[in-house]
file input.cif (mmCIF, C-alpha atoms and all ligand atoms)
data_upload
#
loop_
_atom_site.label_atom_id
_atom_site.label_comp_id
_atom_site.auth_asym_id
_atom_site.auth_seq_id
_atom_site.Cartn_x
_atom_site.Cartn_y
_atom_site.Cartn_z
CA MET A 19 112.93 95.63 91.17
CA ASP A 20 111.89 92.91 88.79
CA PHE A 21 108.93 90.66 89.62
CA SER A 22 108.47 89.16 86.16
CA GLU A 23 107.59 85.44 86.37
CA LYS A 24 106.90 85.85 90.11
CA VAL A 25 103.55 85.17 91.77
CA VAL A 26 103.05 86.91 95.11
CA LEU A 27 100.27 86.35 97.62
CA VAL A 28 99.50 89.51 99.62
CA THR A 29 97.13 89.17 102.58
CA GLY A 30 95.02 92.23 103.29
CA GLY A 31 95.78 93.39 99.76
CA SER A 32 92.49 95.23 99.37
CA ARG A 33 93.51 98.42 101.15
CA GLY A 34 96.33 100.44 102.71
CA ILE A 35 99.84 98.98 102.80
CA GLY A 36 98.67 95.75 101.16
CA ALA A 37 97.10 97.53 98.16
CA ALA A 38 100.22 99.72 97.75
CA THR A 39 102.34 96.54 97.76
CA VAL A 40 100.13 94.96 95.11
CA LYS A 41 100.62 98.03 92.88
CA VAL A 42 104.43 97.98 93.21
CA ILE A 43 104.61 94.27 92.37
CA THR A 44 102.30 94.42 89.37
CA SER A 45 103.96 97.57 88.01
CA SER A 46 107.28 95.65 88.25
CA GLY A 47 106.00 92.79 86.09
CA GLY A 48 104.68 90.43 88.78
CA SER A 49 101.37 88.65 89.29
CA VAL A 50 99.54 89.00 92.58
CA VAL A 51 96.93 87.05 94.47
CA VAL A 52 95.12 89.76 96.40
CA HIS A 53 93.63 88.37 99.55
CA TYR A 54 90.86 90.39 101.20
CA GLY A 55 88.50 89.99 104.13
CA SER A 56 85.28 91.98 103.91
CA ASN A 57 86.09 94.75 101.46
CA GLN A 58 85.13 93.14 98.17
CA ASP A 59 84.46 96.47 96.41
CA ALA A 60 87.98 97.73 97.13
CA ALA A 61 89.50 94.42 96.00
CA GLU A 62 87.50 94.41 92.75
CA LYS A 63 88.38 98.02 92.02
CA LEU A 64 92.07 97.18 92.48
CA ARG A 65 91.78 94.20 90.14
CA SER A 66 90.00 96.23 87.47
CA ASP A 67 92.74 98.92 87.70
CA ILE A 68 95.51 96.31 87.38
CA GLY A 69 93.91 93.81 85.01
CA HIS A 70 92.68 90.24 85.48
CA ASP A 71 95.79 88.66 83.92
CA SER A 72 98.08 89.80 86.69
CA CYS A 73 95.66 90.04 89.61
CA HIS A 74 93.53 87.33 91.20
CA LEU A 75 91.22 87.81 94.20
CA VAL A 76 90.75 85.40 97.09
CA ARG A 77 88.50 86.06 100.05
CA ALA A 78 89.12 84.60 103.52
CA ASP A 79 88.23 85.77 107.00
CA LEU A 80 91.50 85.40 108.87
CA GLY A 81 89.55 85.72 112.13
CA ASP A 82 88.43 82.13 111.47
CA ALA A 83 90.89 79.54 112.73
CA GLY A 84 91.86 77.33 109.81
CA ALA A 85 91.15 79.93 107.09
CA ALA A 86 94.78 79.88 105.90
CA SER A 87 94.63 76.41 104.41
CA GLY A 88 91.76 77.24 102.01
CA LEU A 89 93.37 80.58 101.21
CA TRP A 90 96.64 78.87 100.30
CA SER A 91 95.04 76.25 98.04
CA ASP A 92 92.85 78.84 96.24
CA ALA A 93 95.86 81.10 95.71
CA LEU A 94 98.04 78.23 94.48
CA GLN A 95 95.43 77.06 91.99
CA TRP A 96 95.49 80.33 90.01
CA LYS A 97 98.95 80.03 88.39
CA GLY A 98 100.11 76.74 89.91
CA LYS A 99 102.75 78.39 92.09
CA ILE A 100 103.31 81.05 94.72
CA ASP A 101 106.84 82.45 95.05
CA VAL A 102 106.32 84.95 97.84
CA VAL A 103 103.86 85.35 100.71
CA VAL A 104 103.37 88.79 102.26
CA ASN A 105 101.66 88.43 105.65
CA ASN A 106 100.21 91.93 105.83
CA ALA A 107 96.56 91.64 106.99
CA GLY A 108 96.08 93.01 110.47
CA VAL A 109 93.80 94.76 112.92
CA PHE A 110 94.46 97.40 115.56
CA LEU A 111 91.77 96.73 118.16
CA THR A 112 91.30 98.89 121.23
CA GLU A 113 91.14 97.12 124.58
CA ASP A 114 89.19 98.06 127.70
CA ARG A 115 91.39 97.06 130.62
CA THR A 116 88.59 97.70 133.14
CA GLY A 117 85.81 96.06 131.08
CA PRO A 118 84.34 92.54 131.38
CA ASP A 119 86.76 89.58 131.38
CA GLU A 120 85.04 87.92 128.44
CA ALA A 121 85.37 90.97 126.17
CA TRP A 122 89.02 91.32 127.16
CA ARG A 123 89.76 87.68 126.32
CA GLU A 124 87.79 87.84 123.04
CA LEU A 125 89.70 90.89 121.88
CA TRP A 126 93.06 89.31 122.71
CA LEU A 127 92.16 86.10 120.87
CA ARG A 128 90.87 88.00 117.82
CA THR A 129 93.99 90.16 117.61
CA LEU A 130 96.30 87.17 117.95
CA GLN A 131 94.28 85.09 115.47
CA ILE A 132 94.30 87.76 112.71
CA ASN A 133 97.69 89.39 113.29
CA LEU A 134 99.77 86.37 114.24
CA ILE A 135 98.23 82.89 114.05
CA SER A 136 96.86 83.31 110.52
CA ALA A 137 100.33 84.46 109.39
CA ALA A 138 101.94 81.44 111.06
CA ASP A 139 99.33 79.12 109.50
CA LEU A 140 99.84 80.58 106.02
CA SER A 141 103.63 80.42 106.41
CA ARG A 142 103.25 76.75 107.40
CA GLU A 143 101.20 76.03 104.26
CA ALA A 144 103.77 77.79 102.09
CA ILE A 145 106.82 76.18 103.70
CA ASN A 146 105.33 72.67 103.60
CA HIS A 147 104.52 73.20 99.91
CA TRP A 148 107.95 74.64 99.01
CA LEU A 149 109.84 71.92 100.90
CA HIS A 150 107.76 69.18 99.30
CA ALA A 151 108.19 70.70 95.81
CA LYS A 152 111.91 71.31 96.48
CA VAL A 153 111.64 74.95 95.41
CA GLY A 154 112.61 78.14 97.20
CA GLY A 155 110.26 80.88 98.40
CA SER A 156 110.10 84.06 100.46
CA ILE A 157 107.91 85.34 103.25
CA VAL A 158 107.62 88.97 104.29
CA ASN A 159 105.90 89.59 107.63
CA VAL A 160 104.47 93.02 108.36
CA ALA A 161 105.21 93.76 112.00
CA SER A 162 105.17 97.22 113.62
CA ARG A 163 107.28 99.68 115.56
CA ALA A 164 105.11 98.51 118.48
CA ALA A 165 106.98 95.19 118.42
CA PHE A 166 110.09 96.97 119.71
CA ARG A 167 108.79 100.09 121.42
CA GLY A 168 105.47 98.78 122.81
CA ASP A 169 102.17 100.53 122.16
CA SER A 170 99.59 102.64 123.98
CA PRO A 171 97.92 101.47 127.22
CA ASP A 172 94.89 100.41 125.09
CA HIS A 173 96.88 98.17 122.73
CA TRP A 174 98.65 95.48 124.76
CA SER A 175 97.54 92.70 122.43
CA TYR A 176 98.50 94.56 119.25
CA ALA A 177 102.06 95.14 120.43
CA ALA A 178 102.33 91.53 121.66
CA SER A 179 101.08 90.18 118.32
CA LYS A 180 103.66 92.25 116.43
CA GLY A 181 106.50 91.30 118.78
CA ALA A 182 105.63 87.68 118.02
CA MET A 183 105.72 88.40 114.25
CA VAL A 184 109.35 89.46 114.69
CA SER A 185 110.26 86.27 116.55
CA LEU A 186 108.33 84.18 114.01
CA THR A 187 110.40 85.86 111.28
CA LYS A 188 113.66 84.98 113.04
CA THR A 189 112.61 81.37 113.64
CA LEU A 190 111.55 80.72 110.03
CA ALA A 191 114.74 82.32 108.73
CA ARG A 192 116.94 80.19 110.99
CA ALA A 193 115.01 77.02 110.18
CA TYR A 194 114.62 77.21 106.39
CA SER A 195 117.17 79.57 104.83
CA GLY A 196 119.29 76.51 104.06
CA ASN A 197 116.38 75.32 101.89
CA GLY A 198 116.22 78.55 99.89
CA ILE A 199 113.25 79.84 101.91
CA TYR A 200 113.91 83.36 103.16
CA THR A 201 111.85 85.24 105.74
CA TYR A 202 111.95 88.96 106.47
CA GLY A 203 110.01 91.51 108.51
CA VAL A 204 109.07 95.14 107.95
CA ALA A 205 108.17 97.26 110.98
CA PRO A 206 106.34 100.48 110.08
CA GLY A 207 105.70 103.36 112.44
CA PHE A 208 102.48 105.28 111.82
CA VAL A 209 101.34 105.00 108.19
CA LEU A 210 98.62 106.97 106.45
CA THR A 211 95.97 104.26 105.87
CA ASP A 212 92.42 103.56 107.07
CA MET A 213 93.95 101.97 110.19
CA ALA A 214 95.59 105.26 111.18
CA GLN A 215 92.67 107.38 109.92
CA SER A 216 90.19 105.58 112.20
CA GLU A 217 92.40 106.55 115.18
CA PHE A 218 92.48 110.18 113.98
CA ASP A 219 88.68 110.15 113.65
CA HIS A 220 88.40 109.31 117.37
CA ASP A 221 90.93 111.91 118.47
CA PRO A 222 91.29 115.07 116.37
CA THR A 223 94.55 116.15 118.07
CA LEU A 224 96.23 112.76 117.60
CA ARG A 225 97.58 113.41 114.12
CA GLN A 226 99.59 116.47 115.13
CA ARG A 227 100.76 114.83 118.37
CA LEU A 228 102.05 111.88 116.36
CA ILE A 229 103.81 114.08 113.84
CA ASN A 230 105.50 115.92 116.74
CA GLU A 231 107.00 112.56 117.82
CA ILE A 232 108.45 111.79 114.38
CA PRO A 233 111.81 113.47 113.63
CA TYR A 234 111.14 113.08 109.89
CA GLY A 235 108.08 115.32 110.45
CA GLU A 236 105.56 113.25 108.48
CA ILE A 237 103.40 110.18 108.83
CA ALA A 238 104.72 107.66 106.28
CA PRO A 239 102.78 107.06 103.06
CA ALA A 240 101.78 103.43 102.44
CA GLU A 241 103.94 103.39 99.28
CA GLU A 242 107.17 103.64 101.33
CA ILE A 243 106.25 100.58 103.39
CA ALA A 244 105.28 98.80 100.17
CA ASN A 245 108.70 99.59 98.68
CA ALA A 246 110.45 98.09 101.73
CA ILE A 247 108.25 94.96 101.55
CA CYS A 248 108.96 94.62 97.84
CA PHE A 249 112.70 95.10 98.29
CA PHE A 250 112.75 91.95 100.43
CA ALA A 251 110.16 90.16 98.27
CA SER A 252 112.26 90.81 95.15
CA GLY A 253 115.07 88.55 96.40
CA LEU A 254 117.68 91.31 96.02
CA ALA A 255 119.00 90.82 99.56
CA THR A 256 118.44 87.19 100.55
CA HIS A 257 121.28 87.31 103.09
CA ALA A 258 119.11 89.70 105.11
CA THR A 259 116.83 86.75 105.94
CA GLY A 260 115.65 86.95 109.55
CA GLN A 261 115.92 90.76 109.68
CA THR A 262 113.09 93.17 110.37
CA LEU A 263 113.51 96.56 108.72
CA ASP A 264 112.24 99.68 110.53
CA VAL A 265 110.40 102.29 108.44
CA ASN A 266 109.34 104.88 110.99
CA GLY A 267 110.88 108.28 110.19
CA ALA A 268 113.39 107.82 113.06
CA SER A 269 110.55 107.87 115.61
CA TYR A 270 112.08 104.78 117.21
CA VAL A 271 115.68 104.03 116.36
CA ARG A 272 116.90 100.72 117.73
P1 LIG B 1 94.20 98.74 106.81
O1 LIG B 1 94.24 99.85 105.84
O2 LIG B 1 93.24 98.79 107.95
O3 LIG B 1 93.99 97.37 106.00
C1 LIG B 1 93.94 96.16 106.71
C2 LIG B 1 93.90 95.01 105.73
O4 LIG B 1 93.80 93.79 106.48
C3 LIG B 1 92.70 95.08 104.82
O5 LIG B 1 93.04 94.67 103.53
C4 LIG B 1 91.73 94.07 105.46
O6 LIG B 1 90.89 93.43 104.51
C5 LIG B 1 92.67 93.06 106.07
N1 LIG B 1 92.02 92.39 107.20
C6 LIG B 1 91.74 92.92 108.43
N2 LIG B 1 91.06 92.02 109.15
C7 LIG B 1 90.92 90.90 108.39
C8 LIG B 1 90.30 89.64 108.58
N3 LIG B 1 89.65 89.31 109.71
N4 LIG B 1 90.33 88.74 107.56
C9 LIG B 1 90.94 89.05 106.40
N5 LIG B 1 91.54 90.23 106.16
C10 LIG B 1 91.51 91.14 107.15
O7 LIG B 1 95.62 98.50 107.50
P2 LIG B 1 97.09 98.94 107.08
O8 LIG B 1 97.40 100.18 107.81
O9 LIG B 1 97.28 98.86 105.63
O10 LIG B 1 97.91 97.78 107.83
C11 LIG B 1 98.51 96.70 107.14
C12 LIG B 1 99.49 96.04 108.10
O11 LIG B 1 100.46 97.02 108.53
C13 LIG B 1 98.84 95.50 109.37
O12 LIG B 1 99.43 94.27 109.72
C14 LIG B 1 99.17 96.55 110.41
O13 LIG B 1 99.20 96.05 111.71
C15 LIG B 1 100.54 97.00 109.94
N6 LIG B 1 100.90 98.33 110.43
C16 LIG B 1 100.14 99.41 110.11
C17 LIG B 1 100.50 100.66 110.62
C18 LIG B 1 99.70 101.90 110.34
O14 LIG B 1 99.96 102.93 110.98
N7 LIG B 1 98.77 101.91 109.42
C19 LIG B 1 101.62 100.76 111.45
C20 LIG B 1 102.38 99.64 111.73
C21 LIG B 1 102.02 98.41 111.20
P3 LIG B 1 89.36 93.93 104.21
O15 LIG B 1 89.37 95.41 104.21
O16 LIG B 1 89.05 93.33 102.88
O17 LIG B 1 88.54 93.34 105.31
#
call {"tool": "encode", "arguments": {"input": "input.cif", "output": "structure tokens"}}
result
Amino acid sequence: MDFSEKVVLVTGGSRGIGAATVKVITSSGGSVVVHYGSNQDAAEKLRSDIGHDSCHLVRADLGDAGAASGLWSDALQWKGKIDVVVNNAGVFLTEDRTGPDEAWRELWLRTLQINLISAADLSREAINHWLHAKVGGSIVNVASRAAFRGDSPDHWSYAASKGAMVSLTKTLARAYSGNGIYTYGVAPGFVLTDMAQSEFDHDPTLRQRLINEIPYGEIAPAEEIANAICFFASGLATHATGQTLDVNGASYVR
């Protein structure tokens, strides 16, 4: 894959799948705007490993409605263009079905805001910019196996947010592929990142139970998801616009 001359904005690039994606792009000649939320130390460490010339940091709390517009303009200012947006930032929040109504509603709104609405807002910024500038662009949305299979009884909102990422992907592809703007999705199963680790910390038997459900016999490393994201981001398969690619070790084959 060749990312030379390309500038890619990766949300949630400070850790996990996002950080692995940043490394693939920069090691393939690209420049990356690494967006992060609260983990400044991780973001700065990544930038010092990669080098300031090809890595720029932008902070934004995607839990805040309206954060995407400032994020987009900061990112754009760095090199004067963004070729690809990777909507990767996300949270996996645990619901309490029997708890207070207010907490239930707050958790749903937070999950939808971070996992879905911020991605739609950022895609809107990018598409408006690309259409106005009459240039092409690509968007890669990180969904989840949960979009197709559903999730645990404690994660209704997570699965719903990821299902909506898949339909957002289809809509943007149908609407703008004729303008050279291509949109793809990647749907990982369980991946070895902090997100998965925090679940294992709560339930010591979970890891083995999950592995037992995966025919491949392993939880995926973040690098494999990053490779799938970068395959789409590279523009090597633009006719796949609108598709969401499963990377789940055959744990859910559609
Ligand atoms: P992770 O290691 O927990 O990293 C999450 C990233 O999202 C971090 O960079 C974090 O930034 C950012 N983020 C979270 N909340 C944010 C907020 N309010 N504002 C700004 N940034 C925020 O997660 P991951 O496993 O790499 O997951 C990446 C994506 O893959 C997510 O969309 C997730 O749903 C999806 N996914 C993961 C798995 C899995 O098993 N791990 C499976 C399927 C899909 P800071 O740390 O700087 O705050």
call {"tool": "closest_atom_pairs", "arguments": {"input": "input.cif", "of": "chain A", "to": "ligand LIG 1 (chain B)", "cutoff": "8 Å", "atoms": "only C-alpha atoms and all ligand atoms", "output": "CSV"}}
result
residue,atom,partner,partner_atom,distance
A:Thr29,CA,B:LIG1,N5,6.7
A:Gly30,CA,B:LIG1,O5,3.2
A:Gly31,CA,B:LIG1,O5,4.8
A:Ser32,CA,B:LIG1,O5,4.2
A:Arg33,CA,B:LIG1,O5,4.5
A:Gly34,CA,B:LIG1,O9,3.5
A:Ile35,CA,B:LIG1,O9,3.8
A:Gly36,CA,B:LIG1,O9,5.6
A:Ala37,CA,B:LIG1,O5,7.3
A:His53,CA,B:LIG1,N5,7.2
A:Tyr54,CA,B:LIG1,O16,3.8
A:Gly55,CA,B:LIG1,C9,3.5
A:Ser56,CA,B:LIG1,O17,3.8
A:Asn57,CA,B:LIG1,O16,3.6
A:Gln58,CA,B:LIG1,O16,6.1
A:Ala60,CA,B:LIG1,O16,7.3
A:Ala61,CA,B:LIG1,O16,7.0
A:Arg77,CA,B:LIG1,C9,7.4
A:Ala78,CA,B:LIG1,C9,5.6
A:Asp79,CA,B:LIG1,N4,3.7
A:Leu80,CA,B:LIG1,N4,3.8
A:Gly81,CA,B:LIG1,N3,4.3
A:Asp82,CA,B:LIG1,N3,7.5
A:Asn105,CA,B:LIG1,O12,7.5
A:Asn106,CA,B:LIG1,O12,4.6
A:Ala107,CA,B:LIG1,O4,3.5
A:Gly108,CA,B:LIG1,O12,3.7
A:Val109,CA,B:LIG1,C6,5.3
A:Phe110,CA,B:LIG1,O13,6.3
A:Ile132,CA,B:LIG1,N3,5.7
A:Asn133,CA,B:LIG1,O12,6.3
A:Val160,CA,B:LIG1,O12,5.4
A:Ala161,CA,B:LIG1,C21,5.7
A:Ser162,CA,B:LIG1,C21,4.1
A:Arg163,CA,B:LIG1,C20,6.2
A:Ala164,CA,B:LIG1,C20,7.4
A:Tyr176,CA,B:LIG1,O13,7.7
A:Lys180,CA,B:LIG1,O13,7.5
A:Ala205,CA,B:LIG1,C21,6.3
A:Pro206,CA,B:LIG1,C20,4.4
A:Gly207,CA,B:LIG1,C19,4.9
A:Phe208,CA,B:LIG1,O14,3.5
A:Val209,CA,B:LIG1,O14,3.7
A:Leu210,CA,B:LIG1,N7,5.9
A:Thr211,CA,B:LIG1,O1,4.7
A:Asp212,CA,B:LIG1,O1,4.3
A:Met213,CA,B:LIG1,O2,4.0
A:Ala214,CA,B:LIG1,N7,4.9
A:Ala240,CA,B:LIG1,O9,7.2
call {"tool": "closest_residue", "arguments": {"input": "input.cif", "among": "A:Ile199, A:Ile145, A:Ile232, A:Ile237", "to": "Gln215 in chain A", "atoms": "all atoms listed in the file"}}
result
A:Ile237
call {"tool": "residues_around", "arguments": {"input": "input.cif", "residues": "Leu149 in chain A", "least_positions_apart": "6", "cutoff": "12 Å", "atoms": "all atoms listed in the file", "output": "PyMOL selection string"}}
result
chain A and resi 141-143+155+193-199
call {"tool": "residues_around", "arguments": {"input": "input.cif", "residues": "Trp96 in chain A", "least_positions_apart": "2", "cutoff": "12 Å", "atoms": "only C-alpha atoms", "output": "PDB file with C-alpha atoms, keeping the file's coordinate frame"}}
result
ATOM      1  CA  VAL A  25     103.550  85.170  91.770  1.00  0.00           C
ATOM      2  CA  VAL A  26     103.050  86.910  95.110  1.00  0.00           C
ATOM      3  CA  LEU A  27     100.270  86.350  97.620  1.00  0.00           C
ATOM      4  CA  SER A  49     101.370  88.650  89.290  1.00  0.00           C
ATOM      5  CA  VAL A  50      99.540  89.000  92.580  1.00  0.00           C
ATOM      6  CA  VAL A  51      96.930  87.050  94.470  1.00  0.00           C
ATOM      7  CA  VAL A  52      95.120  89.760  96.400  1.00  0.00           C
ATOM      8  CA  HIS A  70      92.680  90.240  85.480  1.00  0.00           C
ATOM      9  CA  ASP A  71      95.790  88.660  83.920  1.00  0.00           C
ATOM     10  CA  SER A  72      98.080  89.800  86.690  1.00  0.00           C
ATOM     11  CA  CYS A  73      95.660  90.040  89.610  1.00  0.00           C
ATOM     12  CA  HIS A  74      93.530  87.330  91.200  1.00  0.00           C
ATOM     13  CA  LEU A  75      91.220  87.810  94.200  1.00  0.00           C
ATOM     14  CA  VAL A  76      90.750  85.400  97.090  1.00  0.00           C
ATOM     15  CA  LEU A  89      93.370  80.580 101.210  1.00  0.00           C
ATOM     16  CA  TRP A  90      96.640  78.870 100.300  1.00  0.00           C
ATOM     17  CA  SER A  91      95.040  76.250  98.040  1.00  0.00           C
ATOM     18  CA  ASP A  92      92.850  78.840  96.240  1.00  0.00           C
ATOM     19  CA  ALA A  93      95.860  81.100  95.710  1.00  0.00           C
ATOM     20  CA  LEU A  94      98.040  78.230  94.480  1.00  0.00           C
ATOM     21  CA  GLY A  98     100.110  76.740  89.910  1.00  0.00           C
ATOM     22  CA  LYS A  99     102.750  78.390  92.090  1.00  0.00           C
ATOM     23  CA  ILE A 100     103.310  81.050  94.720  1.00  0.00           C
TER      24      ILE A 100
END
call {"tool": "atom_distance", "arguments": {"input": "input.cif", "atom1": "CA of Ser170 in chain A", "atom2": "CA of Leu190 in chain A"}}
result
28.6 Å
call {"tool": "atom_distance", "arguments": {"input": "input.cif", "atom1": "CA of Leu140 in chain A", "atom2": "CA of Ser87 in chain A"}}
result
6.9 Å
call {"tool": "axis_aligned_box", "arguments": {"input": "input.cif", "around": "range 171-180 of chain A", "padding_each_side": "3 Å", "output": "JSON"}}
result
{"center_x": 99.3, "center_y": 95.8, "center_z": 121.8, "size_x": 14.8, "size_y": 17.3, "size_z": 16.8}
call {"tool": "closest_residue", "arguments": {"input": "input.cif", "among": "A:Asn245, A:Ser269, A:Ser156, A:Thr259", "to": "Thr39 in chain A", "atoms": "all atoms listed in the file"}}
result
A:Asn245
call {"tool": "closest_residue", "arguments": {"input": "input.cif", "among": "A:Ala144, A:Gly154, A:Arg225, A:Thr262", "to": "Ser185 in chain A", "atoms": "only C-alpha atoms"}}
result
A:Thr262
call {"tool": "atom_distance", "arguments": {"input": "input.cif", "atom1": "CA of Ile157 in chain A", "atom2": "CA of Ala177 in chain A"}}
result
20.6 Å
call {"tool": "residues_near_point", "arguments": {"input": "input.cif", "point": "(95.4, 100.7, 124.5)", "cutoff": "6 Å", "atoms": "only C-alpha atoms", "output": "PyMOL selection string"}}
result
chain A and resi 112-113+170-173
call {"tool": "closest_residue", "arguments": {"input": "input.cif", "among": "A:Lys24, A:Lys41, A:Arg167, A:His257", "to": "Ala244 in chain A", "atoms": "all atoms listed in the file"}}
result
A:Lys41
call {"tool": "closest_residue", "arguments": {"input": "input.cif", "among": "A:Ile229, A:Ala255, A:Cys248, A:Ala182", "to": "Asp20 in chain A", "atoms": "all atoms listed in the file"}}
result
A:Cys248
call {"tool": "closest_residue", "arguments": {"input": "input.cif", "among": "A:Asp264, A:Asp119, A:Glu62, A:Asp114", "to": "Ile243 in chain A", "atoms": "only C-alpha atoms"}}
result
A:Asp264
call {"tool": "build_atoms", "arguments": {"input": "input.cif", "residues": "range 260-271 of chain A", "atoms": "N, CA, C and O atoms", "output": "mmCIF file, in the coordinates of the input"}}
result
data_model
loop_
_atom_site.group_PDB
_atom_site.id
_atom_site.type_symbol
_atom_site.label_atom_id
_atom_site.label_comp_id
_atom_site.auth_asym_id
_atom_site.auth_seq_id
_atom_site.Cartn_x
_atom_site.Cartn_y
_atom_site.Cartn_z
ATOM 1 N N GLY A 260 115.731 86.878 108.093
ATOM 2 C CA GLY A 260 115.650 86.950 109.550
ATOM 3 C C GLY A 260 115.587 88.369 110.097
ATOM 4 O O GLY A 260 115.250 88.584 111.261
ATOM 5 N N GLN A 261 115.896 89.358 109.222
ATOM 6 C CA GLN A 261 115.920 90.760 109.680
ATOM 7 C C GLN A 261 114.535 91.395 109.586
ATOM 8 O O GLN A 261 113.763 91.075 108.688
ATOM 9 N N THR A 262 114.287 92.331 110.476
ATOM 10 C CA THR A 262 113.090 93.170 110.370
ATOM 11 C C THR A 262 113.555 94.615 110.183
ATOM 12 O O THR A 262 114.372 95.124 110.965
ATOM 13 N N LEU A 263 113.082 95.208 109.106
ATOM 14 C CA LEU A 263 113.510 96.560 108.720
ATOM 15 C C LEU A 263 112.533 97.609 109.275
ATOM 16 O O LEU A 263 111.324 97.516 109.056
ATOM 17 N N ASP A 264 113.071 98.598 109.986
ATOM 18 C CA ASP A 264 112.240 99.680 110.530
ATOM 19 C C ASP A 264 111.982 100.734 109.462
ATOM 20 O O ASP A 264 112.918 101.143 108.760
ATOM 21 N N VAL A 265 110.743 101.176 109.352
ATOM 22 C CA VAL A 265 110.400 102.290 108.440
ATOM 23 C C VAL A 265 109.511 103.230 109.249
ATOM 24 O O VAL A 265 108.281 103.149 109.210
ATOM 25 N N ASN A 266 110.149 104.099 110.045
ATOM 26 C CA ASN A 266 109.340 104.880 110.990
ATOM 27 C C ASN A 266 109.783 106.335 111.138
ATOM 28 O O ASN A 266 109.453 106.983 112.136
ATOM 29 N N GLY A 267 110.509 106.860 110.147
ATOM 30 C CA GLY A 267 110.880 108.280 110.190
ATOM 31 C C GLY A 267 111.733 108.638 111.401
ATOM 32 O O GLY A 267 111.664 109.759 111.903
ATOM 33 N N ALA A 268 112.508 107.649 111.889
ATOM 34 C CA ALA A 268 113.390 107.820 113.060
ATOM 35 C C ALA A 268 112.618 108.066 114.354
ATOM 36 O O ALA A 268 113.161 108.571 115.335
ATOM 37 N N SER A 269 111.336 107.676 114.381
ATOM 38 C CA SER A 269 110.550 107.870 115.610
ATOM 39 C C SER A 269 110.918 106.839 116.674
ATOM 40 O O SER A 269 110.616 107.033 117.851
ATOM 41 N N TYR A 270 111.549 105.743 116.255
ATOM 42 C CA TYR A 270 112.080 104.780 117.210
ATOM 43 C C TYR A 270 113.280 104.112 116.565
ATOM 44 O O TYR A 270 113.145 103.249 115.708
ATOM 45 N N VAL A 271 114.453 104.555 116.972
ATOM 46 C CA VAL A 271 115.680 104.030 116.360
ATOM 47 C C VAL A 271 116.271 103.012 117.322
ATOM 48 O O VAL A 271 116.591 103.347 118.467
#
